[in-house]
Structures are given as C-alpha cells and as structure tokens.
file run21.txt (compact mmCIF, C-alpha atoms)
# COMPACT_ATOMS: atom_id res chain seq x y z
CA MET A 15 -264.99 -5.83 27.58
CA THR A 16 -262.00 -3.72 26.67
CA GLU A 17 -259.11 -3.94 24.25
CA ALA A 18 -255.90 -5.70 25.25
CA PRO A 19 -253.16 -3.20 26.18
CA SER A 20 -251.03 -2.65 23.08
CA ALA A 21 -247.82 -2.07 25.06
CA GLY A 22 -248.08 -5.48 26.62
CA ARG A 23 -248.93 -7.05 23.32
CA ARG A 24 -245.80 -5.72 21.66
CA TRP A 25 -243.25 -7.12 24.07
CA LEU A 26 -245.14 -10.28 24.93
CA LEU A 27 -245.13 -11.57 21.34
CA ARG A 28 -241.85 -13.23 22.17
CA ALA A 29 -242.98 -14.93 25.36
CA ALA A 30 -242.93 -18.57 24.31
CA ARG A 31 -239.38 -18.30 23.07
CA ALA A 32 -238.44 -18.76 26.70
CA MET A 33 -239.85 -22.28 26.55
CA ALA A 34 -236.83 -23.53 24.92
CA VAL A 35 -239.23 -23.60 28.29
CA VAL A 36 -236.21 -21.89 20.69
CA GLY A 37 -230.70 -21.42 5.59
CA ILE A 38 -229.54 -22.57 2.69
CA VAL A 39 -231.01 -25.28 0.46
CA ALA A 40 -228.62 -28.22 0.12
CA ALA A 41 -228.82 -31.24 -2.15
CA ALA A 42 -229.28 -34.54 -0.35
CA VAL A 43 -226.93 -37.44 -0.87
CA THR A 44 -228.83 -40.66 -0.21
CA THR A 45 -226.71 -43.27 1.51
CA ALA A 46 -227.11 -46.77 2.87
CA PRO A 47 -227.07 -47.65 6.57
CA GLY A 48 -223.69 -49.32 6.12
CA ASP A 49 -221.94 -45.99 5.62
CA ALA A 50 -218.16 -46.17 5.35
CA SER A 51 -217.73 -43.94 8.39
CA ALA A 52 -219.52 -46.42 10.65
CA THR A 53 -217.89 -49.31 12.48
CA ALA A 54 -221.18 -51.21 12.64
CA ALA A 55 -224.68 -51.02 11.23
CA PRO A 56 -227.38 -49.30 13.28
CA PRO A 57 -230.32 -51.39 14.52
CA PRO A 58 -232.46 -52.91 11.73
CA TYR A 59 -235.47 -50.75 12.56
CA LEU A 60 -233.47 -47.62 11.64
CA THR A 61 -232.92 -46.47 8.07
CA LEU A 62 -230.38 -43.84 7.07
CA GLU A 63 -232.32 -41.84 4.48
CA ALA A 64 -229.98 -38.98 3.61
CA SER A 65 -226.70 -37.36 4.54
CA TYR A 66 -225.60 -33.73 4.20
CA GLY A 67 -221.93 -32.90 4.41
CA ALA A 68 -219.26 -30.34 3.65
CA GLY A 69 -220.48 -27.30 1.76
CA THR A 70 -224.13 -27.95 2.54
CA VAL A 71 -224.31 -27.89 6.35
CA THR A 72 -224.47 -24.58 8.23
CA ASN A 73 -223.76 -23.23 11.72
CA GLY A 74 -220.44 -25.00 12.17
CA TRP A 75 -221.66 -28.58 12.02
CA GLU A 76 -219.69 -31.06 9.93
CA ARG A 77 -222.49 -33.40 8.99
CA VAL A 78 -226.24 -33.91 9.31
CA GLU A 79 -228.02 -37.22 8.68
CA ARG A 80 -231.71 -38.08 8.54
CA TYR A 81 -232.91 -41.37 9.95
CA ALA A 82 -236.32 -43.04 9.99
CA ASP A 83 -237.48 -45.40 12.74
CA GLY A 84 -239.85 -47.96 11.21
CA THR A 85 -241.29 -49.11 14.54
CA ASP A 86 -245.08 -49.25 14.56
CA GLY A 87 -246.38 -46.58 16.92
CA PHE A 88 -244.64 -43.54 15.52
CA ARG A 89 -246.96 -41.13 13.74
CA THR A 90 -247.14 -37.64 12.34
CA GLU A 91 -248.21 -35.48 15.28
CA GLY A 92 -250.55 -32.51 15.04
CA PHE A 93 -249.23 -29.17 13.78
CA PRO A 94 -251.06 -25.81 14.02
CA ALA A 95 -252.68 -25.11 10.65
CA ASP A 96 -251.13 -21.63 10.36
CA GLY A 97 -247.64 -23.13 10.10
CA ARG A 98 -246.13 -21.70 13.28
CA GLY A 99 -244.92 -25.13 14.37
CA ASP A 100 -243.52 -26.25 11.02
CA GLN A 101 -239.87 -27.05 10.42
CA ASP A 102 -238.02 -24.07 9.00
CA GLY A 103 -234.70 -23.00 7.48
CA THR A 104 -232.23 -25.74 6.64
CA ARG A 105 -234.27 -28.21 8.70
CA VAL A 106 -236.84 -28.44 5.89
CA THR A 107 -234.06 -29.49 3.55
CA TYR A 108 -232.66 -31.99 6.03
CA PHE A 109 -236.14 -33.48 6.46
CA GLY A 110 -236.34 -34.01 2.71
CA GLY A 111 -238.43 -30.95 1.94
CA VAL A 112 -241.11 -31.97 4.45
CA SER A 113 -242.11 -29.23 6.88
CA ARG A 114 -244.33 -31.53 8.99
CA PRO A 115 -242.41 -34.81 9.22
CA SER A 116 -243.44 -37.92 11.06
CA SER A 117 -242.12 -38.15 14.61
CA GLY A 118 -240.40 -41.40 13.60
CA ARG A 119 -237.86 -39.33 11.66
CA PHE A 120 -234.99 -37.43 13.22
CA LEU A 121 -231.82 -35.55 12.38
CA LEU A 122 -228.43 -36.47 13.79
CA TYR A 123 -225.95 -33.60 13.73
CA ALA A 124 -222.20 -34.25 14.04
CA ALA A 125 -219.70 -31.61 15.13
CA PRO A 126 -216.15 -31.25 13.80
CA GLY A 127 -214.05 -33.91 15.49
CA TRP A 128 -217.00 -36.26 15.97
CA ASN A 129 -214.82 -39.21 14.90
CA SER A 130 -211.42 -37.93 16.04
CA GLY A 131 -211.88 -36.19 19.38
CA SER A 132 -209.68 -37.23 22.27
CA ARG A 133 -212.48 -37.84 24.78
CA THR A 134 -213.60 -41.46 25.04
CA THR A 135 -217.33 -41.00 25.62
CA PRO A 136 -219.26 -39.08 22.94
CA VAL A 137 -221.87 -36.47 23.89
CA LEU A 138 -225.43 -36.19 22.57
CA LEU A 139 -227.07 -32.77 22.97
CA VAL A 140 -230.88 -32.72 23.19
CA HIS A 141 -232.63 -29.39 22.61
CA GLY A 142 -235.76 -27.95 24.21
CA ALA A 143 -239.22 -26.76 23.15
CA ASN A 144 -239.83 -24.73 20.00
CA ASP A 145 -236.15 -24.99 19.17
CA THR A 146 -233.67 -26.68 16.85
CA ALA A 147 -230.26 -28.24 17.27
CA ASP A 148 -228.83 -25.38 15.18
CA ARG A 149 -230.09 -22.51 17.32
CA ALA A 150 -229.80 -24.31 20.64
CA TRP A 151 -226.24 -25.59 20.41
CA ALA A 152 -224.39 -24.09 17.45
CA ASN A 153 -225.68 -20.59 16.67
CA PRO A 154 -227.80 -19.06 19.46
CA GLY A 155 -228.26 -15.95 17.30
CA GLU A 156 -229.73 -17.82 14.34
CA SER A 157 -233.25 -16.56 14.98
CA GLY A 158 -232.15 -13.01 15.71
CA GLY A 159 -232.43 -10.81 18.78
CA TYR A 160 -234.07 -12.14 21.94
CA GLY A 161 -233.90 -15.75 20.70
CA CYS A 162 -230.95 -16.42 23.01
CA GLY A 163 -232.39 -14.67 26.05
CA ALA A 164 -230.14 -11.61 25.81
CA ALA A 165 -230.00 -8.40 23.79
CA SER A 166 -226.96 -9.65 21.87
CA CYS A 167 -226.74 -13.27 20.78
CA PRO A 168 -223.49 -15.17 20.21
CA SER A 169 -222.81 -17.05 16.97
CA THR A 170 -221.37 -20.16 18.67
CA GLY A 171 -222.65 -22.35 21.48
CA LEU A 172 -222.05 -25.41 23.61
CA MET A 173 -221.27 -27.55 20.55
CA GLN A 174 -218.18 -25.53 19.64
CA PHE A 175 -217.16 -25.19 23.29
CA LEU A 176 -217.13 -28.95 23.87
CA ALA A 177 -215.68 -29.87 20.48
CA ALA A 178 -212.76 -27.51 21.08
CA ARG A 179 -211.98 -29.47 24.25
CA GLY A 180 -211.80 -32.83 22.55
CA HIS A 181 -215.37 -34.03 23.00
CA ARG A 182 -216.99 -35.97 20.18
CA VAL A 183 -220.24 -34.02 19.94
CA PHE A 184 -223.57 -34.94 18.34
CA ALA A 185 -227.06 -33.41 18.57
CA VAL A 186 -230.50 -34.71 17.78
CA GLY A 187 -233.13 -32.77 15.84
CA PHE A 188 -236.75 -33.75 16.47
CA ALA A 189 -239.49 -33.79 13.84
CA HIS A 190 -241.94 -31.92 16.08
CA LYS A 191 -240.78 -28.89 18.10
CA GLN A 192 -243.37 -29.45 20.84
CA GLY A 193 -243.77 -33.18 20.42
CA ASP A 194 -244.65 -36.08 22.68
CA ASN A 195 -241.73 -36.68 25.03
CA LEU A 196 -242.37 -40.43 25.05
CA MET A 197 -241.80 -40.65 21.31
CA GLN A 198 -238.86 -38.26 21.56
CA ALA A 199 -237.34 -40.47 24.27
CA GLN A 200 -237.42 -43.34 21.79
CA ILE A 201 -235.66 -41.08 19.29
CA VAL A 202 -233.00 -40.26 21.90
CA GLY A 203 -232.42 -44.00 22.22
CA ASP A 204 -232.20 -44.27 18.42
CA ALA A 205 -229.62 -41.48 18.26
CA VAL A 206 -227.55 -43.14 20.98
CA ALA A 207 -227.70 -46.44 19.08
CA VAL A 208 -226.46 -44.78 15.88
CA ILE A 209 -223.59 -43.04 17.70
CA LYS A 210 -222.55 -46.31 19.32
CA ALA A 211 -222.53 -48.02 15.92
CA LYS A 212 -220.56 -45.21 14.29
CA LEU A 213 -217.87 -45.01 16.93
CA GLY A 214 -217.81 -48.52 18.33
CA VAL A 215 -218.48 -47.32 21.88
CA ASP A 216 -220.68 -48.78 24.62
CA ALA A 217 -222.07 -45.59 26.14
CA VAL A 218 -222.92 -41.96 25.42
CA ASP A 219 -223.27 -38.89 27.66
CA LEU A 220 -226.62 -37.07 27.41
CA VAL A 221 -227.16 -33.34 27.86
CA GLY A 222 -230.84 -32.29 27.91
CA TRP A 223 -231.84 -28.63 27.97
CA SER A 224 -235.26 -27.56 29.22
CA LYS A 225 -237.85 -29.83 27.55
CA GLY A 226 -234.92 -31.94 26.38
CA GLU A 227 -234.52 -33.07 29.98
CA MET A 228 -237.86 -34.85 29.67
CA SER A 229 -236.91 -37.10 26.75
CA THR A 230 -233.41 -37.85 28.04
CA ARG A 231 -234.69 -38.71 31.49
CA ALA A 232 -237.61 -40.73 30.11
CA TYR A 233 -235.16 -42.74 28.00
CA VAL A 234 -232.84 -43.75 30.84
CA SER A 235 -235.84 -44.38 33.13
CA SER A 236 -237.60 -46.62 30.59
CA VAL A 237 -240.70 -44.46 30.71
CA ARG A 238 -242.08 -45.26 27.29
CA PRO A 239 -245.18 -45.85 25.18
CA SER A 240 -246.63 -49.38 25.17
CA TRP A 241 -244.88 -50.12 21.88
CA GLY A 242 -241.57 -48.54 22.89
CA ARG A 243 -238.18 -50.08 23.69
CA ALA A 244 -236.73 -50.06 27.20
CA TYR A 245 -233.49 -48.36 28.19
CA ALA A 246 -230.51 -50.16 26.64
CA GLY A 247 -228.05 -49.42 29.47
CA ASP A 248 -225.91 -47.22 27.24
CA VAL A 249 -225.73 -43.83 29.00
CA ARG A 250 -222.68 -42.96 31.11
CA ARG A 251 -223.84 -39.59 32.49
CA LEU A 252 -226.98 -37.47 32.26
CA VAL A 253 -226.75 -33.66 32.49
CA THR A 254 -229.86 -31.47 32.65
CA LEU A 255 -229.87 -27.72 31.95
CA GLY A 256 -232.84 -25.83 33.35
CA GLY A 257 -234.82 -29.05 33.15
CA PRO A 258 -238.24 -29.15 34.82
CA ASN A 259 -237.28 -32.12 36.97
CA GLY A 260 -239.97 -31.05 39.42
CA GLY A 261 -242.30 -29.77 36.69
CA TYR A 262 -243.39 -26.22 35.90
CA ASP A 263 -246.60 -24.20 35.84
CA TYR A 264 -245.53 -20.99 34.11
CA PRO A 265 -248.27 -20.99 31.40
CA TYR A 266 -251.01 -21.21 34.04
CA ALA A 267 -249.45 -18.92 36.61
CA HIS A 268 -248.92 -16.16 34.02
CA GLY A 269 -251.52 -17.12 31.44
CA TRP A 270 -252.84 -13.64 30.60
CA ALA A 271 -249.38 -12.33 29.68
CA HIS A 272 -248.42 -15.62 28.07
CA ASP A 273 -251.45 -15.66 25.75
CA PHE A 274 -250.69 -12.34 24.07
CA SER A 275 -247.76 -14.02 22.32
CA ILE A 276 -250.00 -16.85 21.07
CA TRP A 277 -253.56 -15.69 20.33
CA PRO A 278 -253.65 -14.44 16.70
CA GLU A 279 -256.43 -11.93 17.38
CA CYS A 280 -254.04 -10.27 19.84
CA GLY A 281 -251.21 -10.35 17.31
CA GLY A 282 -249.60 -13.53 18.65
CA THR A 283 -247.57 -15.80 16.41
CA VAL A 284 -245.37 -17.83 18.78
CA ASN A 285 -245.44 -21.62 18.66
CA ALA A 286 -246.54 -22.40 22.21
CA PRO A 287 -249.67 -23.74 23.94
CA SER A 288 -252.32 -21.66 25.64
CA PRO A 289 -253.81 -22.41 29.05
CA HIS A 290 -257.11 -21.00 27.79
CA SER A 291 -259.79 -22.36 25.50
CA HIS A 292 -261.34 -18.90 24.87
CA MET A 293 -259.99 -15.36 24.98
CA THR A 294 -261.18 -11.85 24.24
CA CYS A 295 -258.95 -9.71 22.05
CA TYR A 296 -260.08 -6.27 20.92
CA GLY A 297 -263.63 -7.09 21.94
CA LEU A 298 -263.77 -10.38 20.01
CA TYR A 299 -264.34 -13.54 22.06
CA THR A 300 -262.83 -16.50 20.21
CA ALA A 301 -261.85 -20.14 20.64
CA HIS A 302 -258.64 -21.72 19.37
CA PRO A 303 -258.49 -25.46 20.10
CA GLU A 304 -255.38 -25.72 17.91
CA TYR A 305 -253.36 -23.86 20.56
CA ALA A 306 -254.77 -25.67 23.58
CA MET A 307 -252.53 -27.24 26.21
CA THR A 308 -254.86 -30.24 26.37
CA PRO A 309 -256.61 -32.12 23.53
CA SER A 310 -259.46 -29.97 22.29
CA GLY A 311 -261.73 -29.97 19.26
CA GLY A 312 -260.01 -33.03 17.84
CA GLN A 313 -256.59 -31.34 17.97
CA ASP A 314 -253.56 -31.98 20.13
CA ASN A 315 -250.56 -30.01 18.89
CA TYR A 316 -248.61 -29.49 22.13
CA PRO A 317 -248.42 -32.81 24.00
CA GLY A 318 -244.84 -32.23 25.12
CA GLN A 319 -245.80 -29.14 27.09
CA ARG A 320 -248.51 -30.65 29.28
CA GLN A 321 -246.15 -33.54 30.03
CA MET A 322 -243.93 -31.05 31.90
CA LEU A 323 -246.68 -29.63 34.12
CA ALA A 324 -246.77 -29.75 37.90
CA ARG A 325 -248.46 -27.52 40.45
CA TRP A 326 -246.34 -25.05 42.36
CA ASP A 327 -249.18 -23.01 43.87
CA GLY A 328 -248.68 -24.80 47.20
CA GLN A 329 -245.10 -23.53 47.46
CA TYR A 330 -245.11 -20.24 45.59
CA GLY A 331 -248.79 -19.34 45.29
CA VAL A 332 -250.32 -17.84 42.14
CA ASP A 333 -249.78 -14.36 40.75
CA GLY A 334 -252.92 -12.65 42.03
CA ALA A 335 -252.15 -9.48 40.09
CA ALA A 336 -252.61 -11.23 36.73
CA GLN A 337 -255.89 -10.82 34.85
CA ASP A 338 -258.19 -13.82 35.41
CA TRP A 339 -255.53 -15.44 37.58
CA TYR A 340 -257.91 -17.65 39.51
CA THR A 341 -259.82 -19.12 36.58
CA THR A 342 -256.67 -19.47 34.51
CA TYR A 343 -254.97 -21.59 37.16
CA TYR A 344 -257.94 -23.38 38.67
CA GLY A 345 -260.38 -23.43 35.75
CA GLY A 346 -263.56 -21.60 34.83
CA GLN A 347 -264.81 -18.50 33.03
CA GLY A 348 -262.99 -15.30 33.84
CA PHE A 349 -263.62 -11.75 32.62
CA PHE A 350 -261.66 -12.17 29.39
CA THR A 351 -260.62 -15.82 29.28
CA ALA A 352 -261.88 -19.34 29.98
CA GLY A 353 -260.09 -22.61 30.52
CA SER A 354 -260.12 -25.92 32.36
CA GLY A 355 -257.18 -25.14 34.68
CA ILE A 356 -253.84 -26.76 35.34
CA GLN A 357 -255.10 -29.85 37.15
CA ALA A 358 -257.14 -30.95 34.14
CA ALA A 359 -254.02 -30.57 31.98
CA ILE A 360 -251.92 -32.57 34.44
CA ASP A 361 -254.56 -35.29 34.50
CA ALA A 362 -254.48 -35.34 30.69
CA GLY A 363 -250.92 -36.57 30.68
CA SER A 364 -248.20 -34.97 32.80
CA LEU A 365 -245.08 -37.16 33.01
CA ILE A 366 -243.56 -35.62 36.13
CA ALA A 367 -245.04 -38.11 38.58
CA PRO A 368 -244.37 -41.16 36.34
CA LEU A 369 -240.74 -40.09 35.92
CA HIS A 370 -240.34 -39.64 39.66
CA ARG A 371 -241.81 -43.08 40.28
CA ALA A 372 -239.71 -44.82 37.62
CA GLY A 373 -236.47 -43.24 38.79
CA VAL A 374 -233.15 -42.75 37.07
CA PRO A 375 -231.02 -45.90 37.41
CA ALA A 376 -228.19 -45.74 39.94
CA SER A 377 -225.80 -46.60 37.11
CA VAL A 378 -226.48 -43.18 35.51
CA PRO A 379 -224.98 -40.33 37.57
CA THR A 380 -227.17 -37.29 37.00
CA TYR A 381 -226.01 -33.69 37.09
CA LEU A 382 -228.47 -30.81 37.46
CA LEU A 383 -227.77 -27.25 36.36
CA ALA A 384 -230.11 -24.34 37.13
CA GLY A 385 -230.16 -20.75 35.99
CA GLY A 386 -230.65 -18.15 38.69
CA SER A 387 -231.40 -14.99 36.73
CA ALA A 388 -235.02 -14.15 35.90
CA ASP A 389 -234.15 -11.63 33.21
CA VAL A 390 -235.20 -13.25 29.91
CA LEU A 391 -235.80 -10.39 27.49
CA GLY A 392 -239.24 -10.04 25.96
CA ILE A 393 -241.30 -12.10 28.40
CA PHE A 394 -243.04 -11.78 31.75
CA ASN A 395 -240.46 -13.58 33.88
CA GLU A 396 -241.38 -16.09 36.57
CA ASN A 397 -241.36 -13.94 39.72
CA ARG A 398 -243.06 -16.01 42.41
CA GLY A 399 -239.81 -17.54 43.60
CA PRO A 400 -236.17 -18.02 42.58
CA SER A 401 -236.16 -18.96 38.90
CA ASP A 402 -234.37 -18.68 35.58
CA GLY A 403 -237.31 -16.71 34.24
CA VAL A 404 -239.32 -19.82 33.35
CA VAL A 405 -238.39 -22.77 35.59
CA PHE A 406 -238.01 -22.52 39.36
CA VAL A 407 -234.52 -23.22 40.65
CA SER A 408 -236.02 -25.75 43.05
CA SER A 409 -237.55 -27.61 40.09
CA ALA A 410 -234.38 -27.61 38.00
CA LEU A 411 -232.49 -29.01 41.01
CA ASP A 412 -235.20 -31.46 42.13
CA THR A 413 -233.56 -34.85 42.69
CA THR A 414 -236.74 -36.86 43.34
CA GLY A 415 -236.29 -40.29 41.79
CA ILE A 416 -232.63 -39.75 40.92
CA ALA A 417 -230.63 -42.54 42.53
CA THR A 418 -227.14 -41.14 41.92
CA VAL A 419 -226.76 -37.36 42.00
CA GLY A 420 -223.42 -36.54 40.41
CA GLY A 421 -223.65 -32.83 41.12
CA LYS A 422 -225.86 -29.75 41.31
CA ALA A 423 -225.07 -26.15 40.49
CA THR A 424 -226.79 -22.82 39.89
CA ILE A 425 -225.43 -20.26 37.45
CA THR A 426 -226.77 -17.15 39.13
CA THR A 427 -226.05 -14.91 36.13
CA ALA A 428 -227.75 -17.10 33.51
CA ASN A 429 -231.42 -17.14 32.55
CA HIS A 430 -233.31 -20.04 30.97
CA LEU A 431 -232.35 -19.24 27.40
CA GLU A 432 -228.71 -18.56 28.25
CA LEU A 433 -228.00 -21.95 29.79
CA GLY A 434 -226.98 -23.47 26.45
CA TRP A 435 -224.25 -20.93 25.72
CA HIS A 436 -223.38 -18.96 28.87
CA ALA A 437 -219.64 -19.27 29.58
CA SER A 438 -220.09 -20.41 33.18
CA ALA A 439 -222.76 -22.95 32.20
CA ALA A 440 -220.59 -24.36 29.42
CA ALA A 441 -217.62 -24.65 31.74
CA GLN A 442 -219.71 -26.47 34.34
CA VAL A 443 -221.07 -28.92 31.77
CA ALA A 444 -217.57 -29.60 30.45
CA ALA A 445 -216.32 -30.21 34.00
CA TRP A 446 -219.09 -32.71 34.70
CA LEU A 447 -218.51 -34.54 31.41
CA SER A 448 -214.78 -34.68 31.99
call {"tool": "encode", "arguments": {"input": "run21.txt", "output": "structure tokens"}}
result
Amino acid sequence: MTEAPSAGRRWLLRAARAMAVVGIVAAAVTTAPGDASATAAPPPYLTLEASYGAGTVTNGWERVERYADGTDGFRTEGFPADGRGDQDGTRVTYFGGVSRPSSGRFLLYAAPGWNSGSRTTPVLLVHGANDTADRAWANPGESGGYGCGAASCPSTGLMQFLAARGHRVFAVGFAHKQGDNLMQAQIVGDAVAVIKAKLGVDAVDLVGWSKGEMSTRAYVSSVRPSWGRAYAGDVRRLVTLGGPNGGYDYPYAHGWAHDFSIWPECGGTVNAPSPHSHMTCYGLYTAHPEYAMTPSGGQDNYPGQRQMLARWDGQYGVDGAAQDWYTTYYGGQGFFTAGSGIQAAIDAGSLIAPLHRAGVPASVPTYLLAGGSADVLGIFNENRGPSDGVVFVSSALDTTGIATVGGKATITTANHLELGWHASAAAQVAAWLS
C-alpha cells in the first residue's frame, strides 16, 4: 500500500463544501411568544426562547429569534466527536451557547423590511448541507475563499437582493448542519407558522437550496416522521435551487477524491459523510464509523445525506478512472478502501422515491433552477454528465411527482455553490416569486 498523493490531498480538503451539496458574541434578550411585533401567537407547541436584535445581529439581518418545538419525537442528533459538525460563529450565541442543540430548536432570521416590504407573500429561505443561513443567503464570503464556489466571494446574497425589491424575507437556521430531512421539514413548517402569525398572512413562498430542497419538498408533500404534522396548506410557491429532485450519487461516484477531505489520517477536516467504512492513508488502514453515510458502530451523524441518494450509474455510468471505483459504488473491499456501496445506503433511508410517490400538491406551483457550470473551486467536479459540479442538471430539473411545474431554468454560468448569490440566479428567483 502506498501513501495518498499529497497534491490531491491539499486541494480536496475543501470537497464537501460543495454539498451546500456551506462572529460576535451577543447578549440574548428573552421574550415571550406574544411578542409585540406579532399579530398572533405561534402554535402552542412552539416557544420563543430568545431574540437578538439591532447591534447584536451580523451579516445584514435585522433580527434573529430562537424557537423550540416541544413535540415529542425531536431529539439531539449525532455529531462527530471532533467537533467538525458543531454550530459555530454567531450561531452558537443564537443557540444559547449550545454548539450541539436539539433538532427541535431552530433559528428564524428576519431581513430588513420583514414587516414593511411591499410584496404580499413573505419568503422563507432554506439553506443546504453543512451551511448556515448567514453564509448561504446573507454573506457568501463569511467562511472565506472557496466557500462560495468562486475565487472571490461576495459579501451580500439573495437575502439582500430580494429585500431590496420589496420582499419580506426570512431564513431558517437548523440545529444540525447535516440533519434528518424529516425533522427539518417539520421545522420548515414551524418557521412558516411563525411567519404567518407575525405578519397575519395565509401563505409563504419557500426557496430551498441544495439539501434545503429536501426539507421544503418533504413539508409540502406531507412526507414526515410518524409523530410529525402534515402539510398545513400554507405555501404559495416552492422554488428549488440545485435541489437533488432526482437524487444524487456524487459521494459514491467520486468516493476516493471525496474522502481525502474527510478522513483525518489523510488530513481531512470537512463535515461530510464518507462512502467508505475503512480507508488507507499513509499506510495506515483505519475505520471511522462516525463519518459513515449509513449508521455504523452505533453512530449516525449524516442522515440528511443518505436521504438524498439515488443511483445514476444507469444513465451516466461510474467514473472508472477513480481508485477503487467499483467497490466504492457497488460495495466490497478495494485496494485502499472498503464500503457497503450506494444501494445499501439507499436502502437505509433515501427519501427520493418516497418524495416522488407522495408528490407535490397541485396547489403548490414548483419552480426548478439548475446550475450548468461544473467549475466549483477546490473539489473534483461531477464530470459524468451535465452538472453544476455536484448535482446533475437532469436531477435538479426532475419533475417526477410535481403536479404543477411553474417553471424550469438553467443558469449555465453558475455552479452549485453560486446558485444562492449569482446575479442571474437571483434575478430568476425574483421573477418567479413576483
């Protein structure tokens, strides 16, 4: 067995930032659910725990609130022990100093003009994997270079773009960056309920980016845990940005390159799941169940990722030039890695087929936006077919189960991580919402 190539290791450390397939300490002001800014109280199972306002909130937001859903069924999900999945920056403050909060807690961000914008229907932005509402929607450059998918990151995003055009903009912040999409769908419903109560409206527009497509679509489709609430009929339009509507298989199709950003013995630190159970780095063969795509060794820290999986080998094949490509995708022991393969992960809980079967109600026009540029900096881009670097265009535009397709578009100059701030993408979203 030989050492992993150092050149590949250096640039692949950032790989999972594409799975978006991505402060200051402020004092909390505890408030009651019947806040003066609201026109009605939120549902009784929701508690407003804290509010952060002017002078304490960063990245252009006007306000951030923390809510807790007391419904039995929510739990604290698994986090990698080395802290790579913990809340960070101002989010730790917003979550009350807790870096590993229960998935029954969430943050609701409000943009300037949230209660005075000219547009009738408010907008809720839902971020993707290993990301935050701050970086995704308000400051794409918050995490530095490469975090936004380009060499130079802007300091404003879709939030400012929409707010400047009269939209009343909100965003949700999840407790777990790679969490269960069924629980996060319940949180999306909670956020919608709070916005409705605050503004006295009947419906909200949803914009889900990447993994955020899963929770928004699951909510309107009533795909939920056994203890969860069904769709409340309160979404006017659903917009998906680079969403894996048809699923994705990137981690398995490019597992060898993907793992260098994850496996600590190879220098990996990124918060993303591995398709392998064992890997050799610098001659050392090790196991890391804490980074597994499927439950392993009593740990399950990345449920939201396997829920997005679907096989694309029938349409686009598998990258036969990748090390251990066959065993990575189909399962078994390769020269340097071992794993159970993508089908085992799908069987362990993919939501693609259930979402297709449930269908998006005809009352919710759905708009699908794809990126067409596979040029995400710092990763091995998806090259087996037209893609945004992570998700195939044909997956992002897959309308299976969508009763009313409001529109489809591809931004040929945007990659997966640019879809939340690219000028053409923002203009398209604004047009659909308007």
call {"tool": "closest_residue", "arguments": {"input": "run21.txt", "among": "A:Ala336, A:Met293, A:Ala165, A:Ile416", "to": "Glu279 in chain A", "atoms": "all atoms listed in the file"}}
result
A:Met293
call {"tool": "closest_residue", "arguments": {"input": "run21.txt", "among": "A:Gly256, A:Ile276, A:Glu156, A:Pro317", "to": "Val407 in chain A", "atoms": "all atoms listed in the file"}}
result
A:Gly256
call {"tool": "atom_distance", "arguments": {"input": "run21.txt", "atom1": "CA of Ala352 in chain A", "atom2": "CA of Glu396 in chain A"}}
result
21.8 Å
call {"tool": "closest_residue", "arguments": {"input": "run21.txt", "among": "A:Leu220, A:Ala147, A:Ala152, A:Val183", "to": "Ala125 in chain A", "atoms": "only C-alpha atoms"}}
result
A:Val183
call {"tool": "atom_distance", "arguments": {"input": "run21.txt", "atom1": "CA of Ser288 in chain A", "atom2": "CA of Asn397 in chain A"}}
result
19.4 Å
call {"tool": "residues_around", "arguments": {"input": "run21.txt", "residues": "Gly421 in chain A", "least_positions_apart": "6", "cutoff": "10 Å", "atoms": "all atoms listed in the file", "output": "list in words"}}
result
Val253, Pro379, Thr380, Tyr381, Leu382, Leu383, Leu411 and Trp446 of chain A
call {"tool": "atom_distance", "arguments": {"input": "run21.txt", "atom1": "CA of Ala185 in chain A", "atom2": "CA of Pro115 in chain A"}}
result
18.0 Å
call {"tool": "closest_residue", "arguments": {"input": "run21.txt", "among": "A:Asp86, A:Asn259, A:Leu172, A:Phe188", "to": "Val106 in chain A", "atoms": "only C-alpha atoms"}}
result
A:Phe188
call {"tool": "residues_around", "arguments": {"input": "run21.txt", "residues": "Leu139 in chain A", "least_positions_apart": "2", "cutoff": "7 Å", "atoms": "only C-alpha atoms", "output": "PyMOL selection string"}}
result
chain A and resi 137+141+184-186+220-222
call {"tool": "closest_residue", "arguments": {"input": "run21.txt", "among": "A:Asn153, A:Gly247, A:Ala124, A:Val405", "to": "Lys225 in chain A", "atoms": "all atoms listed in the file"}}
result
A:Val405
call {"tool": "closest_residue", "arguments": {"input": "run21.txt", "among": "A:Tyr66, A:Phe175, A:Tyr59, A:Trp75", "to": "Ala441 in chain A", "atoms": "all atoms listed in the file"}}
result
A:Phe175
call {"tool": "residues_around", "arguments": {"input": "run21.txt", "residues": "Ala335 in chain A", "least_positions_apart": "3", "cutoff": "12 Å", "atoms": "only C-alpha atoms", "output": "compact mmCIF listing (two decimals) with C-alpha atoms, keeping the file's coordinate frame"}}
result
# COMPACT_ATOMS: atom_id res chain seq x y z
CA ALA A 267 -249.45 -18.92 36.61
CA HIS A 268 -248.92 -16.16 34.02
CA GLY A 269 -251.52 -17.12 31.44
CA TRP A 270 -252.84 -13.64 30.60
CA ALA A 271 -249.38 -12.33 29.68
CA GLY A 331 -248.79 -19.34 45.29
CA VAL A 332 -250.32 -17.84 42.14
CA ASP A 338 -258.19 -13.82 35.41
CA TRP A 339 -255.53 -15.44 37.58
CA TYR A 340 -257.91 -17.65 39.51
CA ASN A 397 -241.36 -13.94 39.72
CA ARG A 398 -243.06 -16.01 42.41
call {"tool": "residues_around", "arguments": {"input": "run21.txt", "residues": "Trp151 in chain A", "least_positions_apart": "3", "cutoff": "7 Å", "atoms": "all atoms listed in the file", "output": "list of chain:residue names"}}
result
A:Ala147, A:Asp148, A:Pro154, A:Gly171, A:Leu172, A:Met173, A:Gly434
call {"tool": "axis_aligned_box", "arguments": {"input": "run21.txt", "around": "range 179-183 of chain A", "padding_each_side": "8 Å", "output": "lines of an AutoDock Vina configuration file"}}
result
center_x = -216.0
center_y = -32.7
center_z = 22.1
size_x = 24.4
size_y = 22.5
size_z = 20.3
call {"tool": "residues_around", "arguments": {"input": "run21.txt", "residues": "Tyr330 in chain A", "least_positions_apart": "4", "cutoff": "12 Å", "atoms": "only C-alpha atoms", "output": "MDAnalysis selection string"}}
result
chainID A and resid 262:264 267 325:326 334 396:401 406 408:409
call {"tool": "residues_near_point", "arguments": {"input": "run21.txt", "point": "(-238.3, -48.3, 32.8)", "cutoff": "12 Å", "atoms": "only C-alpha atoms", "output": "ChimeraX atom specification"}}
result
/A:196,199,231-240,242-247,368-375
